[in-house]
$ cat protein-v4.txt   # compact mmCIF, C-alpha atoms
# COMPACT_ATOMS: atom_id res chain seq x y z
CA MET M 1 0.00 0.00 0.00
CA GLU M 2 1.28 3.45 -0.79
CA PRO M 3 2.16 5.47 2.31
CA ASP M 4 -0.48 8.13 1.95
CA GLN M 5 -3.25 7.94 -0.63
CA ASP M 6 -4.35 11.45 0.37
CA ASP M 7 -1.25 12.78 -1.41
CA ARG M 8 -3.36 12.51 -4.55
CA LEU M 9 -5.60 15.33 -3.25
CA ASP M 10 -4.81 19.02 -3.22
CA GLY M 11 -5.04 21.29 -0.20
CA ASP M 12 -8.80 21.62 -0.57
CA GLY M 13 -9.34 17.87 -0.62
CA HIS M 14 -10.02 17.77 -4.35
CA PRO M 15 -8.26 15.72 -7.05
CA PRO M 16 -5.23 17.53 -8.51
CA SER M 17 -5.33 18.93 -12.01
CA GLY M 18 -4.45 16.51 -14.78
CA SER M 19 -2.31 16.89 -17.85
CA PRO M 20 -3.37 19.42 -20.50
CA VAL M 21 -4.63 16.55 -22.67
CA LEU M 22 -6.80 15.12 -19.90
CA GLU M 23 -8.05 18.55 -18.89
CA ALA M 24 -9.05 19.24 -22.49
CA ILE M 25 -10.92 15.93 -22.70
CA LEU M 26 -12.76 16.58 -19.44
CA GLU M 27 -13.58 20.14 -20.42
CA ASN M 28 -15.02 18.94 -23.71
CA GLU M 29 -17.05 16.32 -21.84
CA ARG M 30 -18.45 18.92 -19.47
CA HIS M 31 -19.55 21.18 -22.32
CA ARG M 32 -20.53 18.68 -25.00
CA ARG M 33 -24.26 18.98 -24.28
CA TYR M 34 -24.02 22.70 -24.89
CA LEU M 35 -22.02 22.55 -28.12
CA GLY M 36 -25.11 22.89 -30.32
CA GLN M 37 -26.23 25.98 -28.42
CA ARG M 38 -22.77 27.50 -28.70
CA LEU M 39 -22.63 26.82 -32.44
CA ASP M 40 -26.08 28.35 -32.89
CA ALA M 41 -24.99 31.41 -30.95
CA ALA M 42 -21.94 31.74 -33.20
CA GLY M 43 -24.33 31.78 -36.16
CA ASP M 44 -22.05 29.86 -38.53
CA ARG M 45 -22.98 26.19 -38.55
CA VAL M 46 -21.18 23.91 -41.01
CA ASP M 47 -23.47 22.70 -43.79
CA THR M 48 -24.45 19.05 -43.22
CA ASP M 49 -23.62 18.21 -46.86
CA LEU M 50 -20.09 19.52 -46.32
CA LEU M 51 -19.77 17.47 -43.15
CA GLY M 52 -20.80 14.38 -45.12
CA ASP M 53 -18.27 15.18 -47.84
CA ILE M 54 -15.52 15.57 -45.25
CA VAL M 55 -16.28 12.14 -43.77
CA ARG M 56 -16.36 10.58 -47.24
CA HIS M 57 -12.94 12.05 -47.95
CA GLY M 58 -11.60 10.75 -44.63
CA PRO M 59 -9.34 8.06 -46.19
CA VAL M 60 -7.47 10.50 -48.42
CA LEU M 61 -7.20 13.04 -45.61
CA GLU M 62 -5.75 10.34 -43.36
CA ALA M 63 -3.28 9.26 -46.05
CA LEU M 64 -2.07 12.84 -46.56
CA LEU M 65 -1.83 13.33 -42.82
CA GLU M 66 0.92 10.71 -42.80
CA GLU M 67 2.90 12.32 -45.64
CA PRO M 68 2.49 14.38 -48.83
CA LEU M 69 1.62 12.23 -51.88
CA ASP M 70 1.39 12.73 -55.60
CA ARG M 71 -1.70 11.62 -57.48
CA ARG M 72 -0.29 8.22 -58.48
CA GLU M 73 0.71 7.50 -54.88
CA ILE M 74 -2.81 8.40 -53.76
CA GLU M 75 -4.21 5.94 -56.30
CA GLU M 76 -1.91 3.18 -55.04
CA ARG M 77 -2.40 3.95 -51.36
CA LEU M 78 -6.21 4.00 -51.57
CA ASP M 79 -6.56 1.54 -54.46
CA VAL M 80 -8.66 3.98 -56.51
CA SER M 81 -8.78 4.94 -60.17
CA ARG M 82 -7.10 7.93 -61.73
CA ALA M 83 -10.48 9.62 -62.16
CA THR M 84 -11.31 9.09 -58.49
CA SER M 85 -7.99 10.44 -57.28
CA HIS M 86 -8.53 13.49 -59.49
CA ARG M 87 -11.96 14.09 -57.89
CA TYR M 88 -10.43 13.69 -54.45
CA THR M 89 -7.64 16.18 -54.99
CA GLN M 90 -9.89 18.64 -56.82
CA TRP M 91 -12.34 18.67 -53.91
CA LEU M 92 -9.56 18.98 -51.34
CA ASP M 93 -8.12 21.92 -53.26
CA GLU M 94 -11.53 23.62 -53.46
CA GLN M 95 -11.86 23.36 -49.69
CA ASP M 96 -8.32 24.71 -49.12
CA PHE M 97 -7.42 21.43 -47.43
CA VAL M 98 -4.34 20.85 -49.61
CA GLU M 99 -1.66 22.71 -51.50
CA LYS M 100 0.51 21.25 -54.25
CA ILE M 101 4.23 21.49 -53.63
CA ASP M 102 6.78 19.88 -55.98
CA GLY M 103 4.11 17.71 -57.55
CA ARG M 104 2.82 16.39 -54.21
CA PHE M 105 -0.37 17.23 -52.37
CA GLN M 106 0.30 18.44 -48.84
CA LEU M 107 -2.32 19.21 -46.20
CA THR M 108 -2.73 22.81 -45.19
CA TRP M 109 -3.10 23.62 -41.50
CA ARG M 110 -6.86 23.57 -42.01
CA GLY M 111 -6.66 20.23 -43.77
CA ALA M 112 -4.46 18.68 -41.09
CA VAL M 113 -6.78 19.77 -38.27
CA THR M 114 -9.78 18.43 -40.20
CA ALA M 115 -8.02 15.10 -40.83
CA GLU M 116 -7.19 14.74 -37.13
CA GLU M 117 -10.78 15.51 -36.14
CA ILE M 118 -12.12 12.92 -38.58
CA LEU M 119 -9.86 10.29 -37.02
CA ARG M 120 -10.96 11.35 -33.54
CA PHE M 121 -14.60 11.18 -34.62
CA GLU M 122 -14.13 7.69 -36.05
CA ALA M 123 -12.29 6.52 -32.93
CA ASN M 124 -15.02 7.80 -30.61
CA VAL M 125 -17.83 6.33 -32.70
CA ARG M 126 -16.02 2.98 -32.80
CA THR M 127 -15.39 3.14 -29.06
CA ALA M 128 -19.02 4.01 -28.32
CA HIS M 129 -20.13 1.06 -30.46
CA ARG M 130 -17.76 -1.37 -28.74
CA MET M 131 -18.58 -0.06 -25.27
CA THR M 132 -22.37 -0.03 -25.63
CA PRO M 133 -22.76 -2.72 -22.93
CA LEU M 134 -20.84 -0.56 -20.46
CA LEU M 135 -22.50 2.70 -21.46
CA ASP M 136 -25.89 1.06 -21.02
CA ALA M 137 -24.90 -0.03 -17.51
CA VAL M 138 -23.39 3.29 -16.37
CA CYS M 139 -25.74 5.70 -14.66
CA GLU M 140 -26.95 8.30 -17.15
CA ASP M 141 -26.47 11.09 -14.61
CA HIS M 142 -22.81 10.21 -14.01
CA ARG M 143 -20.85 12.73 -16.07
CA ASP M 144 -17.28 11.70 -15.18
CA PHE M 145 -17.07 8.93 -17.74
CA VAL M 146 -15.29 9.79 -21.00
CA LEU M 147 -14.69 7.67 -24.09
CA GLU M 148 -11.34 8.85 -25.45
CA PRO M 149 -9.07 7.00 -23.00
CA PHE M 150 -10.66 3.65 -23.89
CA VAL M 151 -10.22 3.55 -27.66
CA ASP M 152 -8.08 0.40 -27.58
CA ALA M 153 -9.53 -1.16 -24.43
CA THR M 154 -10.15 -4.86 -23.88
CA ILE M 155 -13.91 -5.35 -23.55
CA THR M 156 -15.23 -8.50 -21.88
CA VAL M 157 -18.99 -9.01 -22.03
CA ALA M 158 -21.10 -11.62 -20.23
CA GLU M 159 -22.64 -14.12 -22.64
CA PRO M 160 -25.69 -16.35 -22.08
CA ASP M 161 -23.50 -19.46 -22.16
CA ASP M 162 -20.66 -17.80 -20.17
CA PRO M 163 -22.11 -15.20 -17.77
CA TYR M 164 -18.96 -14.99 -15.64
CA ARG M 165 -16.49 -13.88 -18.34
CA PRO M 166 -16.18 -10.29 -16.97
CA ILE M 167 -15.63 -11.58 -13.42
CA GLU M 168 -12.98 -14.01 -14.63
CA ARG M 169 -11.18 -11.22 -16.49
CA PHE M 170 -11.19 -9.06 -13.36
CA ILE M 171 -9.85 -11.86 -11.16
CA THR M 172 -7.10 -12.61 -13.69
CA LEU M 173 -5.91 -8.99 -13.56
CA VAL M 174 -5.99 -9.03 -9.75
CA SER M 175 -3.83 -12.17 -9.70
CA GLU M 176 -1.29 -10.48 -11.98
CA SER M 177 -1.05 -7.31 -9.90
CA GLU M 178 0.67 -6.59 -6.59
CA SER M 179 -1.71 -3.75 -5.75
CA LEU M 180 -5.38 -2.95 -6.17
CA ARG M 181 -7.37 0.20 -5.55
CA GLY M 182 -10.98 0.61 -6.49
CA PHE M 183 -14.59 1.16 -5.58
CA ASN M 184 -17.83 -0.78 -5.92
CA THR M 185 -15.91 -3.92 -6.82
CA THR M 186 -18.37 -6.34 -5.21
CA HIS M 187 -20.06 -6.78 -8.58
CA MET M 188 -16.67 -7.60 -10.10
CA ALA M 189 -16.00 -10.26 -7.48
CA PRO M 190 -18.96 -11.21 -5.26
CA LEU M 191 -18.20 -12.00 -1.63
CA VAL M 192 -18.76 -15.72 -2.25
CA LEU M 193 -15.66 -15.86 -4.46
CA GLY M 194 -13.06 -17.11 -2.00
CA GLU M 195 -10.27 -17.10 -4.60
CA PHE M 196 -10.48 -13.34 -5.03
CA HIS M 197 -10.65 -12.59 -1.32
CA GLN M 198 -7.73 -14.90 -0.57
CA GLN M 199 -5.73 -12.82 -3.05
CA VAL M 200 -6.91 -9.57 -1.44
CA PHE M 201 -6.29 -10.73 2.14
CA ASP M 202 -2.96 -12.45 1.64
CA LYS M 203 -1.17 -11.30 -1.53
CA THR M 204 -2.36 -7.95 -2.88
CA ASP M 205 -1.95 -4.55 -1.21
CA THR M 206 -5.51 -3.34 -1.44
CA GLU M 207 -7.64 -0.27 -0.81
CA ILE M 208 -11.33 -0.58 -1.66
CA ILE M 209 -14.25 1.78 -1.18
CA TYR M 210 -17.46 -0.13 -0.49
CA LEU M 211 -21.05 0.70 0.32
CA PRO M 212 -21.50 0.43 4.12
CA HIS M 213 -23.68 -2.67 4.01
CA ILE M 214 -21.09 -4.43 1.82
CA VAL M 215 -18.41 -3.84 4.45
CA GLU M 216 -20.68 -5.40 7.04
CA LYS M 217 -21.27 -8.44 4.81
CA LEU M 218 -17.53 -8.73 4.18
CA PHE M 219 -16.87 -9.02 7.91
CA GLU M 220 -19.75 -11.44 8.33
CA THR M 221 -18.27 -13.65 5.59
CA TYR M 222 -14.56 -13.39 6.47
CA PRO M 223 -14.43 -11.91 10.02
CA GLU M 224 -11.03 -13.16 11.14
CA ARG M 225 -9.16 -12.97 7.85
CA ALA M 226 -10.47 -9.52 6.98
CA ARG M 227 -9.52 -8.11 10.38
CA LYS M 228 -6.04 -9.67 10.24
CA ALA M 229 -5.46 -8.21 6.77
CA ILE M 230 -6.45 -4.77 8.04
CA ASP M 231 -4.33 -5.06 11.17
CA ARG M 232 -1.29 -5.98 9.04
CA GLY M 233 -1.87 -2.91 6.86
CA HIS M 234 -2.45 -5.23 3.94
CA LEU M 235 -6.06 -4.16 3.41
CA THR M 236 -7.61 -0.70 3.71
CA LEU M 237 -11.37 -0.26 3.55
CA ARG M 238 -13.37 2.92 3.18
CA THR M 239 -17.11 3.48 2.81
CA ARG M 240 -19.37 5.76 0.83
CA GLU M 241 -23.16 5.96 0.75
CA GLU M 242 -23.38 5.98 -3.05
CA LEU M 243 -21.03 4.71 -5.72
CA PRO M 244 -21.20 4.80 -9.53
CA TYR M 245 -19.93 1.96 -11.75
CA GLY M 246 -17.10 -0.21 -10.44
CA LEU M 247 -13.54 1.06 -10.91
CA ALA M 248 -10.30 -0.90 -10.38
CA LEU M 249 -6.70 0.31 -10.60
CA PHE M 250 -4.11 -2.44 -10.96
CA ASP M 251 -0.33 -2.13 -11.28
CA ASP M 252 -0.38 -1.63 -15.04
CA ARG M 253 -4.05 -1.42 -16.07
CA VAL M 254 -7.30 0.22 -15.08
CA GLY M 255 -10.71 -1.38 -15.41
CA ILE M 256 -14.36 -0.38 -15.28
CA GLY M 257 -17.23 -2.73 -14.56
CA GLY M 258 -20.88 -2.24 -15.40
CA TYR M 259 -23.48 -4.41 -13.72
CA ASP M 260 -27.11 -5.36 -13.92
CA GLU M 261 -28.91 -3.64 -11.04
CA ALA M 262 -31.56 -6.37 -10.96
CA THR M 263 -29.16 -9.31 -10.59
CA GLY M 264 -26.08 -7.52 -9.26
CA LEU M 265 -23.91 -9.49 -11.70
CA MET M 266 -21.22 -7.72 -13.72
CA GLN M 267 -22.31 -7.54 -17.35
CA VAL M 268 -19.20 -5.98 -18.85
CA PHE M 269 -15.61 -5.25 -17.82
CA VAL M 270 -13.46 -2.81 -19.79
CA ASP M 271 -9.73 -2.56 -19.11
CA THR M 272 -6.75 -0.80 -20.69
CA ASP M 273 -3.13 0.15 -20.04
CA ALA M 274 -3.41 3.52 -21.85
CA PRO M 275 -1.64 6.27 -19.85
CA ILE M 276 -4.47 8.77 -20.41
CA ALA M 277 -6.97 6.21 -19.05
CA ARG M 278 -4.74 5.73 -16.01
CA GLU M 279 -4.68 9.45 -15.41
CA TRP M 280 -8.45 9.69 -15.77
CA ALA M 281 -8.98 6.74 -13.40
CA GLU M 282 -6.62 8.21 -10.79
CA ARG M 283 -8.57 11.44 -10.91
CA VAL M 284 -11.96 9.74 -10.56
CA TYR M 285 -10.71 7.50 -7.75
CA ALA M 286 -9.24 10.45 -5.85
CA SER M 287 -12.54 12.32 -6.18
CA VAL M 288 -14.59 9.39 -4.87
CA ARG M 289 -12.07 8.67 -2.13
CA SER M 290 -12.12 12.27 -0.90
CA ASP M 291 -15.85 11.87 -0.25
CA SER M 292 -15.56 8.52 1.56
CA ASP M 293 -15.09 7.57 5.21
CA PRO M 294 -12.24 5.50 6.67
CA LEU M 295 -13.15 2.21 8.32
CA ASP M 296 -11.82 3.52 11.65
CA GLU M 297 -15.16 5.27 12.13
CA TRP M 298 -16.91 1.89 12.12
CA SER M 299 -16.35 0.98 15.76
CA ASP M 300 -19.13 -1.61 15.81
CA LEU M 301 -17.52 -3.97 13.32
CA PRO M 302 -16.63 -7.39 14.76
CA ARG M 303 -13.09 -8.15 15.91
$ encode --input "protein-v4.txt" --output "structure tokens"
Amino acid sequence: MEPDQDDRLDGDGHPPSGSPVLEAILENERHRRYLGQRLDAAGDRVDTDLLGDIVRHGPVLEALLEEPLDRREIEERLDVSRATSHRYTQWLDEQDFVEKIDGRFQLTWRGAVTAEEILRFEANVRTAHRMTPLLDAVCEDHRDFVLEPFVDATITVAEPDDPYRPIERFITLVSESESLRGFNTTHMAPLVLGEFHQQVFDKTDTEIIYLPHIVEKLFETYPERARKAIDRGHLTLRTREELPYGLALFDDRVGIGGYDEATGLMQVFVDTDAPIAREWAERVYASVRSDSDPLDEWSDLPR
């Protein structure tokens, strides 16, 4: 266990600021529902036909984002005819997305920004499609969740013939990690799973934030082992009255679990080793932790 988890909070007890990239992502997330209003107020909306044309020209924009190309190289790279490559470059020129230098088409600043935004759009749409099971399980009012850090995440979904796949994935990551921090992880590993709790009590330095009644059930199920783990400093428990989806921070990965409120079973587990996801998860965990209570205040727990 790290010496002082509160080091992740600033002087006011709030999570510290993140990197400029993370801050930009979070700022965009906070204001995304108002983007339409802001565009309307600006009075200069982009024509929907132009937006469609930009998406259709995404492949050539992406190719030119990598390096300038002449028309023949565009034809070879995209496997298109000479006539098609001519239409592509003519349209790009009309939109001031390219300039021709030494026989090669090179993106202008406007073209490069547009190409990057098309790739970001595609990545987010793909991520939203892949993560539909998790997004369906996450509370609609919880605004801290963002898509960008999970573009290349591993997504494990419960199947009718294998309902415990997400739980098994979670337990595998726990077994491969020397530390674990998280909240609302009961759905990831129900209290009846002795294998997980043996790992937590005996092998993994752990801090978990639970709902109060879950802490009580934990001590009812494993009274002696849980208390010994806490006394050794091997296990730290905190409580909070409400928790969103489940979050787990391992040594090298972070994971999010979405569960069925009716059954309590985890329906999907999403994990990644992306640095920006780690930074986002640290920030969310610090925020939830700052509004939780240490177990020391629970004097009536059994010893």
$ atom_distance --input "protein-v4.txt" --atom1 "CA of Ala277 (chain M)" --atom2 "CA of Val151 (chain M)"
9.6 Å
$ closest_residue --input "protein-v4.txt" --among "M:Leu134, M:Leu247, M:Val80, M:Leu265" --to "Ala286 (chain M)" --atoms "only C-alpha atoms"
M:Leu247
$ closest_residue --input "protein-v4.txt" --among "M:Arg104, M:Arg87, M:Arg165, M:Arg126" --to "Met188 (chain M)" --atoms "only C-alpha atoms"
M:Arg165
$ residues_around --input "protein-v4.txt" --residues "region 167-175 of chain M" --least-positions-apart "5" --cutoff "10 Å" --atoms "all atoms listed in the file" --output "MDAnalysis selection string"
chainID M and resid 154:158 180 185 187:190 193 195:197 199:200 203:204 248:257 265:271
$ closest_residue --input "protein-v4.txt" --among "M:Pro68, M:Gly52, M:Pro294, M:Gly258" --to "Met131 (chain M)" --atoms "only C-alpha atoms"
M:Gly258
$ atom_distance --input "protein-v4.txt" --atom1 "CA of Arg240 (chain M)" --atom2 "CA of Pro133 (chain M)"
25.5 Å
$ closest_atom_pairs --input "protein-v4.txt" --of "region 109-221 of chain M" --to "region 88-94 of chain M" --cutoff "12 Å" --atoms "all atoms listed in the file" --output "JSON lines"
{"residue": "M:Arg110", "atom": "CA", "partner": "M:Leu92", "partner_atom": "CA", "distance": 10.7}
{"residue": "M:Gly111", "atom": "CA", "partner": "M:Leu92", "partner_atom": "CA", "distance": 8.2}
{"residue": "M:Ala112", "atom": "CA", "partner": "M:Leu92", "partner_atom": "CA", "distance": 11.5}
{"residue": "M:Thr114", "atom": "CA", "partner": "M:Leu92", "partner_atom": "CA", "distance": 11.2}
{"residue": "M:Ala115", "atom": "CA", "partner": "M:Leu92", "partner_atom": "CA", "distance": 11.3}
$ residues_around --input "protein-v4.txt" --residues "Tyr285 (chain M)" --least-positions-apart "2" --cutoff "10 Å" --atoms "only C-alpha atoms" --output "mmCIF file with C-alpha atoms, in the coordinates of the input"
data_model
loop_
_atom_site.group_PDB
_atom_site.id
_atom_site.type_symbol
_atom_site.label_atom_id
_atom_site.label_comp_id
_atom_site.auth_asym_id
_atom_site.auth_seq_id
_atom_site.Cartn_x
_atom_site.Cartn_y
_atom_site.Cartn_z
ATOM 1 C CA ARG M 8 -3.360 12.510 -4.550
ATOM 2 C CA PRO M 15 -8.260 15.720 -7.050
ATOM 3 C CA ARG M 181 -7.370 0.200 -5.550
ATOM 4 C CA GLY M 182 -10.980 0.610 -6.490
ATOM 5 C CA PHE M 183 -14.590 1.160 -5.580
ATOM 6 C CA ILE M 209 -14.250 1.780 -1.180
ATOM 7 C CA LEU M 247 -13.540 1.060 -10.910
ATOM 8 C CA ALA M 248 -10.300 -0.900 -10.380
ATOM 9 C CA LEU M 249 -6.700 0.310 -10.600
ATOM 10 C CA GLU M 279 -4.680 9.450 -15.410
ATOM 11 C CA TRP M 280 -8.450 9.690 -15.770
ATOM 12 C CA ALA M 281 -8.980 6.740 -13.400
ATOM 13 C CA GLU M 282 -6.620 8.210 -10.790
ATOM 14 C CA ARG M 283 -8.570 11.440 -10.910
ATOM 15 C CA SER M 287 -12.540 12.320 -6.180
ATOM 16 C CA VAL M 288 -14.590 9.390 -4.870
ATOM 17 C CA ARG M 289 -12.070 8.670 -2.130
ATOM 18 C CA SER M 290 -12.120 12.270 -0.900
#
$ atom_distance --input "protein-v4.txt" --atom1 "CA of Gly58 (chain M)" --atom2 "CA of Asp273 (chain M)"
28.1 Å
$ residues_around --input "protein-v4.txt" --residues "Lys228 (chain M)" --least-positions-apart "4" --cutoff "10 Å" --atoms "all atoms listed in the file" --output "list of chain:residue names"
M:Phe201, M:Asp202, M:Pro223, M:Glu224, M:Arg232, M:Gly233, M:His234, M:Leu235, M:Arg303
$ closest_residue --input "protein-v4.txt" --among "M:Asp162, M:Glu73, M:Asp53, M:Asp96" --to "Trp109 (chain M)" --atoms "all atoms listed in the file"
M:Asp96
$ closest_residue --input "protein-v4.txt" --among "M:Ala128, M:Leu243, M:Leu237, M:Val55" --to "Asp291 (chain M)" --atoms "all atoms listed in the file"
M:Leu243
$ closest_residue --input "protein-v4.txt" --among "M:Asp161, M:Glu66, M:Asp205, M:Glu242" --to "Ser177 (chain M)" --atoms "all atoms listed in the file"
M:Asp205
